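Visitor: Take a look at this one; I'll ask things after.
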Amino acid sequence: MNATDHFKKVISHCKEYGYIFPSSEIYDGLSAVYDYGSYGVELKNNLKTYWWRAMVQMHENIVGLDSAIFMHPKIWKASGHVDAFNDPLIDNKDSKKRYRADVLIEEYLNKLDDKINKEVEKAAKRFGESFDVNMFRSTNPRVAEYAEKRRSVADRYVRAAETDNLAELKSIIEDCEIADPETGSRNWTDVRQFNLMFATQFGALAGSETEDAKVYLRPETAQGIFVNFLNVQKSTRQKIPFGIAQIGKAFRNEIIARQFIFRMREFEQMEMQFFVRPGSEMEWYKHWKETRMAWHRSIFPAARLRFHDHEKLAHYANAALDIEFDFPFGFKELEGIHSRTDFDLGNHQQLSGKKMQYFDPELNESYVPYVVETSVGVDRLFLAVVSSCLVDEKVPDAKGEDATRTVMKIPAFLAPIKAAILPLVNKEELTVEARAIFDRLKMVAQCQYDAKDAIGRRYRRQDAIGTPYCITVDFETLEDRCVTVRNRDTLQQERVAIDTLPAHLAALLAASC
Ligand code: ATP
């Protein structure tokens, strides 16, 4: 199955098995907004808990916060979002499709990188062990040509983006002959700026259309952390360096939203702002870069993750990179790590007139701390999990309809349902026993009782949901007080004594993380 077909399968599987539904579906949906179904919400909660434990519970010097979505409109002035949270958009006159000009150019640069990497791979195969990659890169004429092209386009792009030169962005697109990825047309409009914040009117002032009454739906959770920085620091008696973590909804009026839950207009972020002494931020930036990559590697194979340094820095950053994941549509941003300097706290101090400083007892001086941010989207993480875990595979020694199965191989500690308790047949002597086991195990983990349909069909259904363990109660159980525990991934079955089941399940789950 190619990547596009796999992606389509992920989307339909998510709907069929209660992971994700399009929002407002009976009214034909609402673009780039989705609802999480019964299994989806379990997986989402498990991802959030796993992050929270890794970031807050495991760090004495990181504490949590849950700030409101509505905030004073001046916050977004100070943060730069009112003036600078724009995407440059461009329309194709023939296809009428809308694109982000910066994304078109970055994809062009990625293609040049791919071409260079292909040349290197080909040469590595040709020369075998004697291959010197650095020598090849610096001497091969074709690679040199690609590299020079890449450098000159990247330079123009960074300059244009930094100076908001929209005409130059269009010239780059024209000079590089970048075409509409869907239709190949090069008939482009001019590039225009588009602010991504959703605005609404507040309280009794609603309808007055004044700027004062305007409030925004937050486009990131970070600002709630910045404006509470001193409240949290004082109430928890934290000393720098320390962090504040928050999980919450964010809203962006994205120009293009064509990739399922990858780019949504309402989404959820897990952010941690780490406050450090000015001058130490690069050390911490490196620390969090490695720490966050290690966290992702605890869920995904290393080959599906990579770092990507930003070509163009956001208005608040002095260093920034993405952790990218190999989605069905290629490597794309999963998490951002940004060194935000004192930009946010400094601007809030200036605009509010309130001190945003920390008194450092070791240095005996006050300063506005620098900030290193880690920011990961819950929904993108969710998509990374379901797209990498959904597989079709052959079942050994099975025939006909049973010869293949669809399995969601989600790591057990993240799976929505940990164990399904299944009486072999729907007969009272077995169902009474199975229900009693379910009542014991539900105290340990999220479980499901299911007595409907033939046992084979129930196994297939649990495979499709991603349940790592199926516990079957059969007639032998009544004699030997044991049940069969079936492992989703290996298909191996073992007999386990009912009395030891709660501890057995807990141990299996603990071992999976
Ligand atoms: P992109 O370049 O893809 O638009 P970004 O650089 O604007 O993303 P950040 O502002 O760094 O994203 O946000 C941090 C994280 O929030 C991202 O890494 C991503 O996981 C998530 N995120 C951002 N925008 C969206 C969105 N529209 N839908 C879903 N998740 C998002």
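Ligands are numbered from 1 in the order shown, residues from 1 within each chain, and chains are lettered A, B, ... in the order they appear in the structure tokens.
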Residues within 6 Å of ligand 1, counting only C-alpha atoms and all ligand atoms: report them as number ranges by chain.
Guide: A: 252, 262-265, 267, 269, 333-336, 375-377, 379-380
Visitor: Mind writing the picked residues with all heavy atoms as a short mmCIF file (atom, residue, chain, number, x, y, z; two decimals), in the first residue's frame?
Guide:
```cif
data_model
loop_
_atom_site.label_atom_id
_atom_site.label_comp_id
_atom_site.auth_asym_id
_atom_site.auth_seq_id
_atom_site.Cartn_x
_atom_site.Cartn_y
_atom_site.Cartn_z
N ARG A 252 -6.07 28.58 15.58
CA ARG A 252 -5.41 29.34 14.51
C ARG A 252 -6.25 29.22 13.24
O ARG A 252 -6.64 28.12 12.86
CB ARG A 252 -4.01 28.78 14.22
CG ARG A 252 -3.07 28.97 15.37
CD ARG A 252 -1.66 28.48 15.05
NE ARG A 252 -0.88 28.50 16.26
CZ ARG A 252 0.38 28.08 16.34
NH1 ARG A 252 1.01 27.64 15.28
NH2 ARG A 252 1.02 28.12 17.50
N PHE A 262 -3.42 17.00 11.17
CA PHE A 262 -2.09 17.59 11.21
C PHE A 262 -2.19 19.11 11.37
O PHE A 262 -1.45 19.72 12.12
CB PHE A 262 -1.30 17.25 9.94
CG PHE A 262 0.07 17.86 9.93
CD1 PHE A 262 1.11 17.27 10.63
CD2 PHE A 262 0.32 19.05 9.25
CE1 PHE A 262 2.37 17.85 10.66
CE2 PHE A 262 1.58 19.64 9.27
CZ PHE A 262 2.61 19.03 9.98
N ARG A 263 -3.09 19.71 10.61
CA ARG A 263 -3.24 21.18 10.67
C ARG A 263 -4.70 21.50 10.91
O ARG A 263 -5.53 21.42 10.03
CB ARG A 263 -2.74 21.81 9.37
CG ARG A 263 -2.57 23.30 9.46
CD ARG A 263 -1.90 23.86 8.24
NE ARG A 263 -0.53 23.39 8.07
CZ ARG A 263 0.49 23.77 8.84
NH1 ARG A 263 0.31 24.63 9.81
NH2 ARG A 263 1.70 23.31 8.61
N MET A 264 -5.01 21.83 12.17
CA MET A 264 -6.40 22.07 12.55
C MET A 264 -6.60 23.55 12.90
O MET A 264 -5.64 24.27 13.15
CB MET A 264 -6.75 21.22 13.78
CG MET A 264 -6.54 19.75 13.57
SD MET A 264 -6.39 18.89 15.13
CE MET A 264 -8.09 18.50 15.47
N ARG A 265 -7.85 23.95 12.93
CA ARG A 265 -8.12 25.34 13.34
C ARG A 265 -8.32 25.40 14.85
O ARG A 265 -8.12 26.44 15.47
CB ARG A 265 -9.30 25.90 12.57
CG ARG A 265 -9.00 25.95 11.06
CD ARG A 265 -9.77 27.01 10.31
NE ARG A 265 -9.16 27.22 9.01
CZ ARG A 265 -9.54 26.65 7.86
NH1 ARG A 265 -10.60 25.83 7.84
NH2 ARG A 265 -8.92 26.89 6.74
N PHE A 267 -6.95 23.14 18.09
CA PHE A 267 -6.09 22.01 18.41
C PHE A 267 -5.58 22.14 19.85
O PHE A 267 -5.95 23.07 20.56
CB PHE A 267 -4.93 21.91 17.41
CG PHE A 267 -4.06 23.13 17.33
CD1 PHE A 267 -2.84 23.18 17.98
CD2 PHE A 267 -4.46 24.24 16.61
CE1 PHE A 267 -2.03 24.32 17.92
CE2 PHE A 267 -3.66 25.39 16.53
CZ PHE A 267 -2.45 25.42 17.19
N GLN A 269 -2.22 21.95 22.57
CA GLN A 269 -0.76 21.98 22.69
C GLN A 269 -0.33 21.52 24.08
O GLN A 269 -1.06 21.69 25.06
CB GLN A 269 -0.25 23.42 22.51
CG GLN A 269 -0.37 23.93 21.09
CD GLN A 269 0.23 25.32 20.95
OE1 GLN A 269 -0.02 26.19 21.77
NE2 GLN A 269 1.02 25.52 19.91
N GLU A 333 6.84 18.87 10.93
CA GLU A 333 7.01 19.27 12.34
C GLU A 333 6.02 18.56 13.28
O GLU A 333 4.82 18.56 13.05
CB GLU A 333 6.82 20.78 12.47
CG GLU A 333 6.82 21.24 13.92
CD GLU A 333 6.77 22.75 14.09
OE1 GLU A 333 6.98 23.49 13.10
OE2 GLU A 333 6.52 23.19 15.23
N LEU A 334 6.59 18.02 14.35
CA LEU A 334 5.79 17.42 15.41
C LEU A 334 5.89 18.30 16.67
O LEU A 334 4.91 18.53 17.36
CB LEU A 334 6.32 16.00 15.68
CG LEU A 334 5.77 15.21 16.84
CD1 LEU A 334 4.28 14.99 16.68
CD2 LEU A 334 6.46 13.84 16.91
N GLU A 335 7.11 18.75 16.93
CA GLU A 335 7.35 19.58 18.13
C GLU A 335 8.33 20.69 17.78
O GLU A 335 9.23 20.49 16.98
CB GLU A 335 7.94 18.68 19.24
CG GLU A 335 8.48 19.47 20.43
CD GLU A 335 8.47 18.68 21.73
OE1 GLU A 335 8.01 17.53 21.74
OE2 GLU A 335 8.91 19.26 22.75
N GLY A 336 8.14 21.84 18.41
CA GLY A 336 9.07 22.95 18.21
C GLY A 336 9.85 23.20 19.50
O GLY A 336 9.28 23.16 20.59
N SER A 375 7.32 22.77 22.66
CA SER A 375 5.90 22.87 22.33
C SER A 375 5.50 21.77 21.35
O SER A 375 5.96 21.75 20.21
CB SER A 375 5.64 24.25 21.70
OG SER A 375 4.31 24.33 21.29
N VAL A 376 4.66 20.87 21.83
CA VAL A 376 4.26 19.76 20.97
C VAL A 376 2.74 19.75 20.83
O VAL A 376 2.02 20.02 21.80
CB VAL A 376 4.80 18.41 21.50
CG1 VAL A 376 4.36 18.12 22.91
CG2 VAL A 376 4.42 17.25 20.59
N GLY A 377 2.25 19.46 19.64
CA GLY A 377 0.81 19.40 19.41
C GLY A 377 0.29 18.01 19.77
O GLY A 377 0.82 17.00 19.31
N ASP A 379 -2.53 16.70 18.92
CA ASP A 379 -3.18 16.09 17.76
C ASP A 379 -2.16 15.53 16.77
O ASP A 379 -2.36 14.47 16.20
CB ASP A 379 -4.09 17.12 17.08
CG ASP A 379 -4.94 17.86 18.10
OD1 ASP A 379 -6.04 17.39 18.41
OD2 ASP A 379 -4.47 18.89 18.64
N ARG A 380 -1.04 16.27 16.59
CA ARG A 380 0.00 15.75 15.69
C ARG A 380 0.64 14.50 16.27
O ARG A 380 0.98 13.57 15.54
CB ARG A 380 1.05 16.82 15.43
CG ARG A 380 0.56 17.83 14.45
CD ARG A 380 1.66 18.74 13.96
NE ARG A 380 1.04 19.86 13.27
CZ ARG A 380 1.69 20.88 12.77
NH1 ARG A 380 3.00 20.92 12.86
NH2 ARG A 380 1.05 21.86 12.16
#
```
Visitor: If DSSP is run on the backbone, what residues of range 244-467 of chain A are helix (DSSP H, G or I)? A reply as number ranges by chain would be ideal.
Guide: A: 260-262, 281-297, 302-304, 343-352, 378-389, 400-403, 428-441, 455-465
Visitor: List the neighbours of Met356 in chain A out to 7 Å using only C-alpha atoms; skip same-chain residues closer than 3 positions along the sequence, and give me the result as a list in words.
Guide: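 Close residues of Met356 in chain A: Leu230, Leu345, Gln349 and Val368 of chain A.
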Visitor: Once you have the residues from the selection above, write them out as a PDB file, in the first residue's frame, restricted to all heavy atoms.
Guide:
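Writing done, so here's part.pdb:
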```pdb
ATOM      1  N   LEU A 230       5.357  35.172  37.525  1.00  0.00           N
ATOM      2  CA  LEU A 230       5.697  35.516  38.915  1.00  0.00           C
ATOM      3  C   LEU A 230       4.725  34.892  39.907  1.00  0.00           C
ATOM      4  O   LEU A 230       5.121  34.493  41.003  1.00  0.00           O
ATOM      5  CB  LEU A 230       5.762  37.031  39.091  1.00  0.00           C
ATOM      6  CG  LEU A 230       7.065  37.660  38.577  1.00  0.00           C
ATOM      7  CD1 LEU A 230       7.043  39.170  38.755  1.00  0.00           C
ATOM      8  CD2 LEU A 230       8.304  37.063  39.246  1.00  0.00           C
ATOM      9  N   LEU A 345       8.670  38.089  28.198  1.00  0.00           N
ATOM     10  CA  LEU A 345       8.596  38.720  29.526  1.00  0.00           C
ATOM     11  C   LEU A 345       8.966  40.198  29.425  1.00  0.00           C
ATOM     12  O   LEU A 345       8.340  41.055  30.056  1.00  0.00           O
ATOM     13  CB  LEU A 345       9.519  38.004  30.510  1.00  0.00           C
ATOM     14  CG  LEU A 345       9.123  36.582  30.915  1.00  0.00           C
ATOM     15  CD1 LEU A 345      10.137  35.990  31.888  1.00  0.00           C
ATOM     16  CD2 LEU A 345       7.729  36.550  31.540  1.00  0.00           C
ATOM     17  N   GLN A 349       6.524  43.285  30.407  1.00  0.00           N
ATOM     18  CA  GLN A 349       6.970  44.255  31.412  1.00  0.00           C
ATOM     19  C   GLN A 349       6.773  45.671  30.886  1.00  0.00           C
ATOM     20  O   GLN A 349       6.239  46.542  31.573  1.00  0.00           O
ATOM     21  CB  GLN A 349       8.444  43.997  31.740  1.00  0.00           C
ATOM     22  CG  GLN A 349       9.047  45.010  32.693  1.00  0.00           C
ATOM     23  CD  GLN A 349      10.376  44.517  33.237  1.00  0.00           C
ATOM     24  OE1 GLN A 349      10.406  43.738  34.180  1.00  0.00           O
ATOM     25  NE2 GLN A 349      11.466  44.965  32.651  1.00  0.00           N
ATOM     26  N   VAL A 368      15.270  39.956  33.995  1.00  0.00           N
ATOM     27  CA  VAL A 368      14.180  39.308  33.250  1.00  0.00           C
ATOM     28  C   VAL A 368      14.754  37.985  32.726  1.00  0.00           C
ATOM     29  O   VAL A 368      15.717  37.993  31.961  1.00  0.00           O
ATOM     30  CB  VAL A 368      13.720  40.185  32.063  1.00  0.00           C
ATOM     31  CG1 VAL A 368      12.647  39.458  31.250  1.00  0.00           C
ATOM     32  CG2 VAL A 368      13.194  41.524  32.561  1.00  0.00           C
TER      33      VAL A 368
END
```
Visitor: Need the shell around range 171-175 of chain A: protein/DNA/RNA residues with any atom at most 9 Å away, counting only C-alpha atoms. Skip same-chain ones fewer than 6 positions apart. Format as an NGL selection string?
Guide: :A and (101 or 104-105 or 153 or 156-157 or 186 or 188)
Visitor: Find, counting only C-alpha atoms, the residue in A:Gln357, A:Gln57, A:Ser280, A:Ser152 that gets nearest to Thr341 in chain A.
Guide: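 The closest residue to Thr341 in chain A is A:Ser280.
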Visitor: Mind listing the strand (DSSP E) residues of range 225-264 of chain A, per DSSP on the backbone, as JSON, numbers by chain?
Guide: {"A": [242, 243, 244, 245, 246, 247, 248, 249, 250, 251]}
Visitor: At a cut-off of 7 Å, using only C-alpha atoms, what residues contact range 256-258 of chain A? Leave out same-chain residues fewer than 6 positions from it and give the result as a list in words.
Guide: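 Here the answer would be Ala32, Arg98, Tyr99 and Met264 of chain A.
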Visitor: Find, counting only C-alpha atoms, the residue in A:Ile261, A:Ala294, A:Val143, A:Val407 that gets nearest to Lys122 in chain A.
Guide: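 Nearest candidate to Lys122 in chain A out of A:Ile261, A:Ala294, A:Val143, A:Val407: A:Val143.
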Visitor: Tell me which protein, DNA and RNA residues are within 9 Å of Arg277 in chain A, counting only C-alpha atoms, leaving out same-chain ones fewer than 4 positions away, and put them as an MDAnalysis selection string.
Guide: chainID A and resid 240:241 281 360 367:371
Visitor: Next, dump the selected residues to file, keeping only N, CA, C and O atoms, as a compact mmCIF listing (two decimals), in the first residue's frame.
Guide:
```txt
# COMPACT_ATOMS: atom_id res chain seq x y z
N ILE A 240 15.24 29.79 39.79
CA ILE A 240 15.73 29.61 38.42
C ILE A 240 16.96 28.71 38.40
O ILE A 240 17.78 28.85 39.29
N PRO A 241 17.10 27.70 37.51
CA PRO A 241 16.20 27.43 36.39
C PRO A 241 14.98 26.59 36.81
O PRO A 241 15.12 25.63 37.56
N GLU A 281 21.02 30.26 28.03
CA GLU A 281 19.90 29.69 27.26
C GLU A 281 20.33 28.65 26.22
O GLU A 281 19.61 27.70 25.96
N ASP A 360 17.62 36.87 41.77
CA ASP A 360 18.46 35.68 41.84
C ASP A 360 19.33 35.78 43.10
O ASP A 360 20.26 36.60 43.16
N TYR A 367 16.74 40.17 37.32
CA TYR A 367 16.78 40.22 35.85
C TYR A 367 15.51 39.63 35.27
O TYR A 367 14.77 38.91 35.95
N VAL A 368 15.27 39.96 34.00
CA VAL A 368 14.18 39.31 33.25
C VAL A 368 14.75 37.99 32.73
O VAL A 368 15.72 37.99 31.96
N PRO A 369 14.20 36.85 33.15
CA PRO A 369 14.79 35.57 32.72
C PRO A 369 14.67 35.35 31.22
O PRO A 369 13.80 35.93 30.57
N TYR A 370 15.54 34.51 30.69
CA TYR A 370 15.43 34.03 29.32
C TYR A 370 14.60 32.75 29.35
O TYR A 370 14.50 32.11 30.40
N VAL A 371 14.03 32.41 28.20
CA VAL A 371 13.10 31.27 28.17
C VAL A 371 13.45 30.30 27.04
O VAL A 371 13.72 30.73 25.91
```
Visitor: When you look at range 476-478 of chain A with a cut-off of 10 Å (counting only C-alpha atoms), what residues show up, excluding the ones that are within fewer than 2 positions of it in the same chain? I need them as a list in words.
Guide: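 Returned residues: Glu429, Leu430, Glu433, Ala434, Thr472, Val473, Asp474, Asp480, Arg481, Cys482, Val483, Thr484, Arg495, Val496, Ala497 and Ile498 of chain A.
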Visitor: Distance CA of Phe7 in chain A-CA of Asp180 in chain A, one decimal place?
Guide: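 About the pair CA of Phe7 in chain A and CA of Asp180 in chain A: they are 21.3 Å apart.
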Visitor: Which distance in Å separates CA of Tyr449 in chain A and CA of Ile421 in chain A, to one decimal?
Guide: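 Spanning CA of Tyr449 in chain A to CA of Ile421 in chain A is a straight-line distance of 4.9 Å.
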Visitor: Do you have the CA of Ser23 in chain A-CA of Phe260 in chain A distance handy?
Guide: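 It comes out at 11.6 Å.
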